[in-house]
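Below is one structure, written out as structure tokens; the observations come after it.
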Number of protein chains: 2
Amino acid sequence: MAKLFIVKIGGNIADDDDALKRFLTNVAAASVPMILVHGGGKIATKIGAQMGIVSQYSNGRRITDAATIDLVTMVYAGLVNKKMVAQLQALGCNAMGLTGADGNCLFAVKRPVKDIDFGYVGDIPEEAVNVNLLTSLIRQGITPVMAPLTHNRQGQLLNVNADTVAAALSVALSATFKVRLLYCFEKKGILTNVSDDNSVVQLLNRSYYQQMLSEKKLFDGILPKIDNAFAAIDKGVKEVLIGHADDLINNLTEHTTGTLIQ
Amino acid sequence: MAKLFIVKIGGNIADDDDALKRFLTNVAAASVPMILVHGGGKIATKIGAQMGIVSQYSNGRRITDAATIDLVTMVYAGLVNKKMVAQLQALGCNAMGLTGADGNCLFAVKRPVKDIDFGYVGDIPEEAVNVNLLTSLIRQGITPVMAPLTHNRQGQLLNVNADTVAAALSVALSATFKVRLLYCFEKKGILTNVSDDNSVVQLLNRSYYQQMLSEKKLFDGILPKIDNAFAAIDKGVKEVLIGHADDLINNLTEHTTGTLIQ
């Protein structure tokens with residue numbers, strides 16, 4: 001079975017020209033087929049402010065109203081995605097930017113309204129990934145670069161969580177490839193001490209995760225990544241690594257740094 | 001040789017929800033493979049105004065400075081492109097939005113500075129079209145939807161003229177397909193009398209074009225389309241039609257309305 005890396009790159013990297021360039025240079029130098037999934041929330045917030053769009057949040061999660069879905073469509077699928085694609089092309093990597101709507105490579109369903117209406121936000125059903133199309137692109141030597149945006153198959157664009165997109169792609173493609181899911185961000189991995197960047201957990205299993213949770217050692221933003229990681233492992237993904245974007249190629253892929261989740 | 005329609009849809013249609021919906025419904029109902037190329041300049045101007053970006057023009061042509069290339073990347077490759085793709089998907093047409101950077105399907109070179117620096121604007125060399133990729137997508141039943149944006153293969157995005165993109169694709173794909181190039185806009189064709197929407201020229205050849213030019217009968221915006229059309233015919237494109245977006249499927253494809261250029 002051929003290897004495939006599915007790499008989620010966080011908004012803090014996408015928003016930092018130097019960090020992004022280092023990351024993309026590493027991606028282009030890699031010899032393993034990849035799919036990239038990127039965020040871009042910070043850039044969307046900045047451009048939204050220029051346009052007079054102030055996003056509403058509920059428990060730290062953006063409410064995607066009509067103005068906001070247009071905003072994130074412009075920023076994620078336009079600005080962030082196409083700049084990454086052009087840079088990768090210049091580095092010799094045959095990148096192709098996609099949203100889930102393009103070629104229907106991934107669809108979603110609008111999140112049902114319970115206590116809160118999150119607006120144009122999608123959840124990804126199990127059968128949502130177009131494995132044939134993505135496999136065909138990868139076999140043509142193309143590196144898909146996915147924006148965290150898709151459609152409901154009825155004409156409506158939906159905002160989706162990039163961590164979840166990366167996990168869904170990993171699960172669906174695990175039938176065809178030996179998938180390694182990489183969550184790249186600005187920390188070296190999961191930390192036992194949030195104020196010590198070098199306190200990286202090398203191996204995280206469920207019981208240690210529960211222990212860390214009960215000791216309240218984990219910082220907020222990491223929880224969805226870990227939950228997505230365990231769910232992906234349960235559904236057949238070979239391995240999940242969480243670590244620093246700079247370590248992606250030189251270290252993380254051989255797992256000398258970063259956190260391995262099993 | 002299989003048929004292929006390459007259809008340029010103007011910004012006035014892309015900016016009009018009802019006209020766009022009629023157009024996309026016709027596209028989805030067509031039985032011939034297509035590539036769409038869209039504009040979006042009016043929407044870019046509107047969003048630019050919201051962001052405080054005022055585009056500069058020289059002889060009616062937009063100067064693409066750093067703020068403007070970001071703006072058109074967001075609007076063309078993001079907002080306009082992905083809304084069209086999502087609508088087409090809902091209509092049962094397997095659309096895939098692309099810029100020229102995606103899969104390097106079309107590149108350009110920055111326009112040399114002579115009297116005027118047009119900024120991040122690209123001209124399309126003859127060998128710029130990735131015929132293999134576009135042919136592969138079409139043969140997978142995919143309808144490419146091209147935004148008028150590409151890259152210089154050195155990491156810089158460039159604004160390109162959508163009429164020219166459509167002509168370049170038509171020329172390059174004429175070796176593989178029997179290509180019909182359609183320029184769809186809000187007029188019924190080339191008019192002998194600009195104030196009479198029904199004074200459509202049915203057939204335009206070079207000598208009649210020269211005559212109309214000398215009689216100053218042609219309205220400004222149409223000249224680049226006609227020049228692109230004749231250049232495309234010279235380079236092997238089977239036929240070029242100019243006409244109303246609403247006539248695309250029902251009439252224009254059988255040429256009962258619109259202007260045929262030969």
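Order determines the names: the first chain of the structure tokens is A, the second B, and so forth; residues in each chain are numbered 1 upward, and ligands are numbered 1 upward as they are shown.
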
* To do: Could the residues of chain B within 8 Å of chain A, counting only C-alpha atoms, be given as a ChimeraX atom specification, please?
  => /B:47,50-52,70,73-79,82-83,85-91,94-99,101-104,142,151,153-157

* **All strand (DSSP E) residues (DSSP, backbone) inside range 61-195 of chain B, as a VMD selection string** => chain B and resid 61 to 63 95 to 98 109 to 110 122 to 123 143 to 146 149 to 151 157 to 159 178 to 185

What would the file look like if the residues just selected were written as a tab-separated table (two decimals), in the first residue's frame with N, CA, C and O atoms?
chain	number	residue	atom	x	y	z
B	61	ARG	N	-8.50	50.13	-18.55
B	61	ARG	CA	-7.95	48.86	-18.08
B	61	ARG	C	-7.43	49.02	-16.66
B	61	ARG	O	-6.69	49.94	-16.36
B	62	ARG	N	-7.84	48.07	-15.83
B	62	ARG	CA	-7.51	48.12	-14.41
B	62	ARG	C	-6.00	47.96	-14.21
B	62	ARG	O	-5.37	47.09	-14.81
B	63	ILE	N	-5.43	48.79	-13.35
B	63	ILE	CA	-4.03	48.62	-12.93
B	63	ILE	C	-4.06	47.70	-11.71
B	63	ILE	O	-4.74	47.98	-10.73
B	95	ALA	N	-18.80	20.34	-11.60
B	95	ALA	CA	-17.90	21.47	-11.84
B	95	ALA	C	-16.70	21.42	-10.92
B	95	ALA	O	-16.79	20.93	-9.79
B	96	MET	N	-15.57	21.91	-11.43
B	96	MET	CA	-14.36	22.08	-10.61
B	96	MET	C	-13.77	23.45	-10.89
B	96	MET	O	-13.40	23.75	-12.03
B	97	GLY	N	-13.70	24.27	-9.86
B	97	GLY	CA	-13.15	25.61	-10.03
B	97	GLY	C	-11.64	25.60	-10.07
B	97	GLY	O	-11.00	24.89	-9.27
B	98	LEU	N	-11.05	26.35	-10.97
B	98	LEU	CA	-9.60	26.37	-11.14
B	98	LEU	C	-9.13	27.80	-11.45
B	98	LEU	O	-9.83	28.54	-12.14
B	109	VAL	N	2.95	35.28	-18.28
B	109	VAL	CA	4.13	36.07	-17.97
B	109	VAL	C	3.67	37.50	-17.67
B	109	VAL	O	2.74	38.00	-18.30
B	110	LYS	N	4.31	38.11	-16.69
B	110	LYS	CA	3.92	39.47	-16.32
B	110	LYS	C	4.11	40.38	-17.53
B	110	LYS	O	5.12	40.30	-18.23
B	122	GLY	N	-1.01	39.49	-16.42
B	122	GLY	CA	-0.27	38.51	-17.20
B	122	GLY	C	-0.71	38.44	-18.65
B	122	GLY	O	-1.89	38.66	-18.96
B	123	ASP	N	0.25	38.15	-19.51
B	123	ASP	CA	-0.05	37.78	-20.90
B	123	ASP	C	0.21	36.29	-21.04
B	123	ASP	O	1.08	35.73	-20.36
B	143	THR	N	-16.44	19.47	-15.36
B	143	THR	CA	-16.54	20.74	-16.07
B	143	THR	C	-15.64	21.77	-15.40
B	143	THR	O	-15.99	22.30	-14.34
B	144	PRO	N	-14.45	22.04	-15.94
B	144	PRO	CA	-13.59	23.07	-15.34
B	144	PRO	C	-14.25	24.45	-15.41
B	144	PRO	O	-14.83	24.82	-16.42
B	145	VAL	N	-14.16	25.18	-14.31
B	145	VAL	CA	-14.69	26.55	-14.23
B	145	VAL	C	-13.50	27.45	-13.90
B	145	VAL	O	-13.00	27.44	-12.77
B	146	MET	N	-13.04	28.19	-14.88
B	146	MET	CA	-11.78	28.93	-14.74
B	146	MET	C	-12.01	30.38	-14.33
B	146	MET	O	-12.73	31.12	-14.99
B	149	LEU	N	-7.41	34.27	-13.54
B	149	LEU	CA	-6.30	34.49	-12.63
B	149	LEU	C	-5.33	33.35	-12.86
B	149	LEU	O	-5.74	32.20	-13.02
B	150	THR	N	-4.05	33.66	-12.87
B	150	THR	CA	-3.09	32.58	-12.98
B	150	THR	C	-1.79	32.95	-12.28
B	150	THR	O	-1.79	33.86	-11.43
B	151	HIS	N	-0.72	32.26	-12.58
B	151	HIS	CA	0.56	32.46	-11.91
B	151	HIS	C	1.66	32.56	-12.96
B	151	HIS	O	1.44	32.26	-14.13
B	157	LEU	N	0.91	35.45	-8.32
B	157	LEU	CA	-0.38	35.40	-9.01
B	157	LEU	C	-0.51	36.58	-9.95
B	157	LEU	O	0.01	37.67	-9.67
B	158	LEU	N	-1.18	36.37	-11.07
B	158	LEU	CA	-1.35	37.42	-12.08
B	158	LEU	C	-2.80	37.46	-12.54
B	158	LEU	O	-3.44	36.42	-12.74
B	159	ASN	N	-3.31	38.65	-12.73
B	159	ASN	CA	-4.63	38.91	-13.28
B	159	ASN	C	-4.54	38.74	-14.80
B	159	ASN	O	-3.60	39.23	-15.42
B	178	LYS	N	-13.00	19.23	-31.15
B	178	LYS	CA	-13.63	20.17	-32.09
B	178	LYS	C	-14.22	21.28	-31.23
B	178	LYS	O	-15.28	21.12	-30.63
B	179	VAL	N	-13.50	22.39	-31.14
B	179	VAL	CA	-13.84	23.42	-30.15
B	179	VAL	C	-14.76	24.49	-30.72
B	179	VAL	O	-14.50	25.03	-31.80
B	180	ARG	N	-15.82	24.78	-30.02
B	180	ARG	CA	-16.63	25.97	-30.28
B	180	ARG	C	-16.40	26.93	-29.12
B	180	ARG	O	-16.62	26.59	-27.96
B	181	LEU	N	-15.94	28.13	-29.43
B	181	LEU	CA	-15.71	29.17	-28.42
B	181	LEU	C	-16.92	30.10	-28.40
B	181	LEU	O	-17.31	30.64	-29.44
B	182	LEU	N	-17.51	30.25	-27.23
B	182	LEU	CA	-18.72	31.08	-27.08
B	182	LEU	C	-18.43	32.24	-26.13
B	182	LEU	O	-18.04	32.01	-24.98
B	183	TYR	N	-18.61	33.45	-26.61
B	183	TYR	CA	-18.53	34.62	-25.74
B	183	TYR	C	-19.96	35.03	-25.39
B	183	TYR	O	-20.69	35.53	-26.24
B	184	CYS	N	-20.34	34.79	-24.14
B	184	CYS	CA	-21.71	35.10	-23.71
B	184	CYS	C	-21.72	36.39	-22.91
B	184	CYS	O	-20.98	36.53	-21.94
B	185	PHE	N	-22.58	37.30	-23.30
B	185	PHE	CA	-22.71	38.54	-22.53
B	185	PHE	C	-24.16	39.00	-22.55
B	185	PHE	O	-25.06	38.17	-22.76

* To do: For range 9-20 of chain B, please output as a count of residues only all residues within 9 Å (counting only C-alpha atoms; exclusion window: fewer than 4 positions along the same chain).
  => 21

* Asked: Near Leu106 in chain A, counting only C-alpha atoms, which residues have an atom at most 6 Å away, once you skip same-chain residues fewer than 5 positions from it, shown as JSON, numbers by chain?
  -> {"A": [100, 128, 129, 130]}

For the selection you just gave me, I'd like the residues written to a file as a PDB file, in the first residue's frame, keeping N, CA and C atoms.
ATOM      1  N   GLY A 100     -14.285  21.598  -1.030  1.00  0.00           N
ATOM      2  CA  GLY A 100     -15.053  20.365  -1.168  1.00  0.00           C
ATOM      3  C   GLY A 100     -16.044  20.403  -2.313  1.00  0.00           C
ATOM      4  N   ALA A 128     -18.727  11.240   2.789  1.00  0.00           N
ATOM      5  CA  ALA A 128     -18.630  12.534   2.099  1.00  0.00           C
ATOM      6  C   ALA A 128     -17.419  12.697   1.194  1.00  0.00           C
ATOM      7  N   VAL A 129     -16.412  11.848   1.350  1.00  0.00           N
ATOM      8  CA  VAL A 129     -15.157  12.060   0.610  1.00  0.00           C
ATOM      9  C   VAL A 129     -15.197  11.345  -0.749  1.00  0.00           C
ATOM     10  N   ASN A 130     -14.851  12.095  -1.790  1.00  0.00           N
ATOM     11  CA  ASN A 130     -14.786  11.548  -3.141  1.00  0.00           C
ATOM     12  C   ASN A 130     -13.406  10.899  -3.342  1.00  0.00           C
TER      13      ASN A 130
END

List as a PDB file with N, CA and C atoms, in the first residue's frame the protein and nucleic acid residues near Lys187 in chain B, meaning an atom at most 10 Å away when only C-alpha atoms are counted, but skip any in the same chain fewer than 3 places from it.
ATOM      1  N   CYS B 184     -20.340  34.795 -24.141  1.00  0.00           N
ATOM      2  CA  CYS B 184     -21.707  35.102 -23.705  1.00  0.00           C
ATOM      3  C   CYS B 184     -21.723  36.386 -22.911  1.00  0.00           C
ATOM      4  N   ILE B 190     -23.064  40.820 -32.018  1.00  0.00           N
ATOM      5  CA  ILE B 190     -22.487  42.070 -32.507  1.00  0.00           C
ATOM      6  C   ILE B 190     -23.595  42.815 -33.241  1.00  0.00           C
ATOM      7  N   LEU B 191     -23.761  44.084 -32.902  1.00  0.00           N
ATOM      8  CA  LEU B 191     -24.887  44.862 -33.424  1.00  0.00           C
ATOM      9  C   LEU B 191     -24.410  45.848 -34.505  1.00  0.00           C
ATOM     10  N   VAL B 194     -25.799  50.102 -32.340  1.00  0.00           N
ATOM     11  CA  VAL B 194     -25.668  49.835 -30.900  1.00  0.00           C
ATOM     12  C   VAL B 194     -26.934  50.148 -30.121  1.00  0.00           C
ATOM     13  N   ASP B 197     -31.040  46.517 -30.145  1.00  0.00           N
ATOM     14  CA  ASP B 197     -30.579  45.212 -29.663  1.00  0.00           C
ATOM     15  C   ASP B 197     -30.858  44.084 -30.648  1.00  0.00           C
ATOM     16  N   ASN B 198     -31.725  44.354 -31.629  1.00  0.00           N
ATOM     17  CA  ASN B 198     -32.044  43.286 -32.573  1.00  0.00           C
ATOM     18  C   ASN B 198     -31.268  43.376 -33.885  1.00  0.00           C
ATOM     19  N   VAL B 200     -28.587  42.342 -35.012  1.00  0.00           N
ATOM     20  CA  VAL B 200     -27.479  41.406 -34.813  1.00  0.00           C
ATOM     21  C   VAL B 200     -26.833  41.025 -36.160  1.00  0.00           C
ATOM     22  N   ILE B 242     -20.608  34.849 -30.628  1.00  0.00           N
ATOM     23  CA  ILE B 242     -20.762  35.905 -29.634  1.00  0.00           C
ATOM     24  C   ILE B 242     -22.248  36.165 -29.483  1.00  0.00           C
ATOM     25  N   GLY B 243     -22.774  36.077 -28.259  1.00  0.00           N
ATOM     26  CA  GLY B 243     -24.208  36.293 -28.110  1.00  0.00           C
ATOM     27  C   GLY B 243     -24.646  36.362 -26.662  1.00  0.00           C
ATOM     28  N   HIS B 244     -25.967  36.373 -26.475  1.00  0.00           N
ATOM     29  CA  HIS B 244     -26.557  36.544 -25.154  1.00  0.00           C
ATOM     30  C   HIS B 244     -26.467  35.247 -24.352  1.00  0.00           C
ATOM     31  N   ALA B 245     -26.156  35.389 -23.059  1.00  0.00           N
ATOM     32  CA  ALA B 245     -26.038  34.222 -22.188  1.00  0.00           C
ATOM     33  C   ALA B 245     -27.312  33.378 -22.204  1.00  0.00           C
ATOM     34  N   ASP B 246     -28.467  34.033 -22.263  1.00  0.00           N
ATOM     35  CA  ASP B 246     -29.733  33.286 -22.236  1.00  0.00           C
ATOM     36  C   ASP B 246     -29.925  32.408 -23.466  1.00  0.00           C
ATOM     37  N   GLY B 258     -27.278  35.282 -32.313  1.00  0.00           N
ATOM     38  CA  GLY B 258     -25.861  35.518 -32.032  1.00  0.00           C
ATOM     39  C   GLY B 258     -25.068  35.720 -33.319  1.00  0.00           C
TER      40      GLY B 258
END

* Name the closest residue to Ala172 in chain A among the candidates A:Pro112, A:Pro125, A:Pro224, A:Pro33; distances are taken between atoms, counting only C-alpha atoms. => A:Pro125

* To do: To one decimal in Å, tell me the separation between CA of Arg111 in chain A and CA of Asn228 in chain A.
  =>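 About the pair CA of Arg111 in chain A and CA of Asn228 in chain A: they are 17.4 Å apart.
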
* **range 203-208 of chain A environment, 7 Å, only C-alpha atoms, sequence neighbours closer than 2 positions dropped, as number ranges by chain** => A: 201, 210-212, 259-262

Export of prior selection with C-alpha atoms as a PDB file, in the first residue's frame:
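See out.pdb below for the written result:
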ATOM      1  CA  VAL A 201       4.447  14.173  25.066  1.00  0.00           C
ATOM      2  CA  GLN A 210      -7.805  10.843  30.140  1.00  0.00           C
ATOM      3  CA  GLN A 211      -5.208  11.395  32.860  1.00  0.00           C
ATOM      4  CA  MET A 212      -4.042  14.653  31.273  1.00  0.00           C
ATOM      5  CA  THR A 259       3.475  13.725  19.624  1.00  0.00           C
ATOM      6  CA  LEU A 260       2.458  10.385  18.160  1.00  0.00           C
ATOM      7  CA  ILE A 261      -1.135   9.422  18.854  1.00  0.00           C
ATOM      8  CA  GLN A 262      -2.103   5.784  18.968  1.00  0.00           C
TER       9      GLN A 262
END

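Closest approach to Thr257 in chain B among B:Gly189, B:Asp65, B:Asp220, B:Ala168: B:Gly189, based on only C-alpha atoms.
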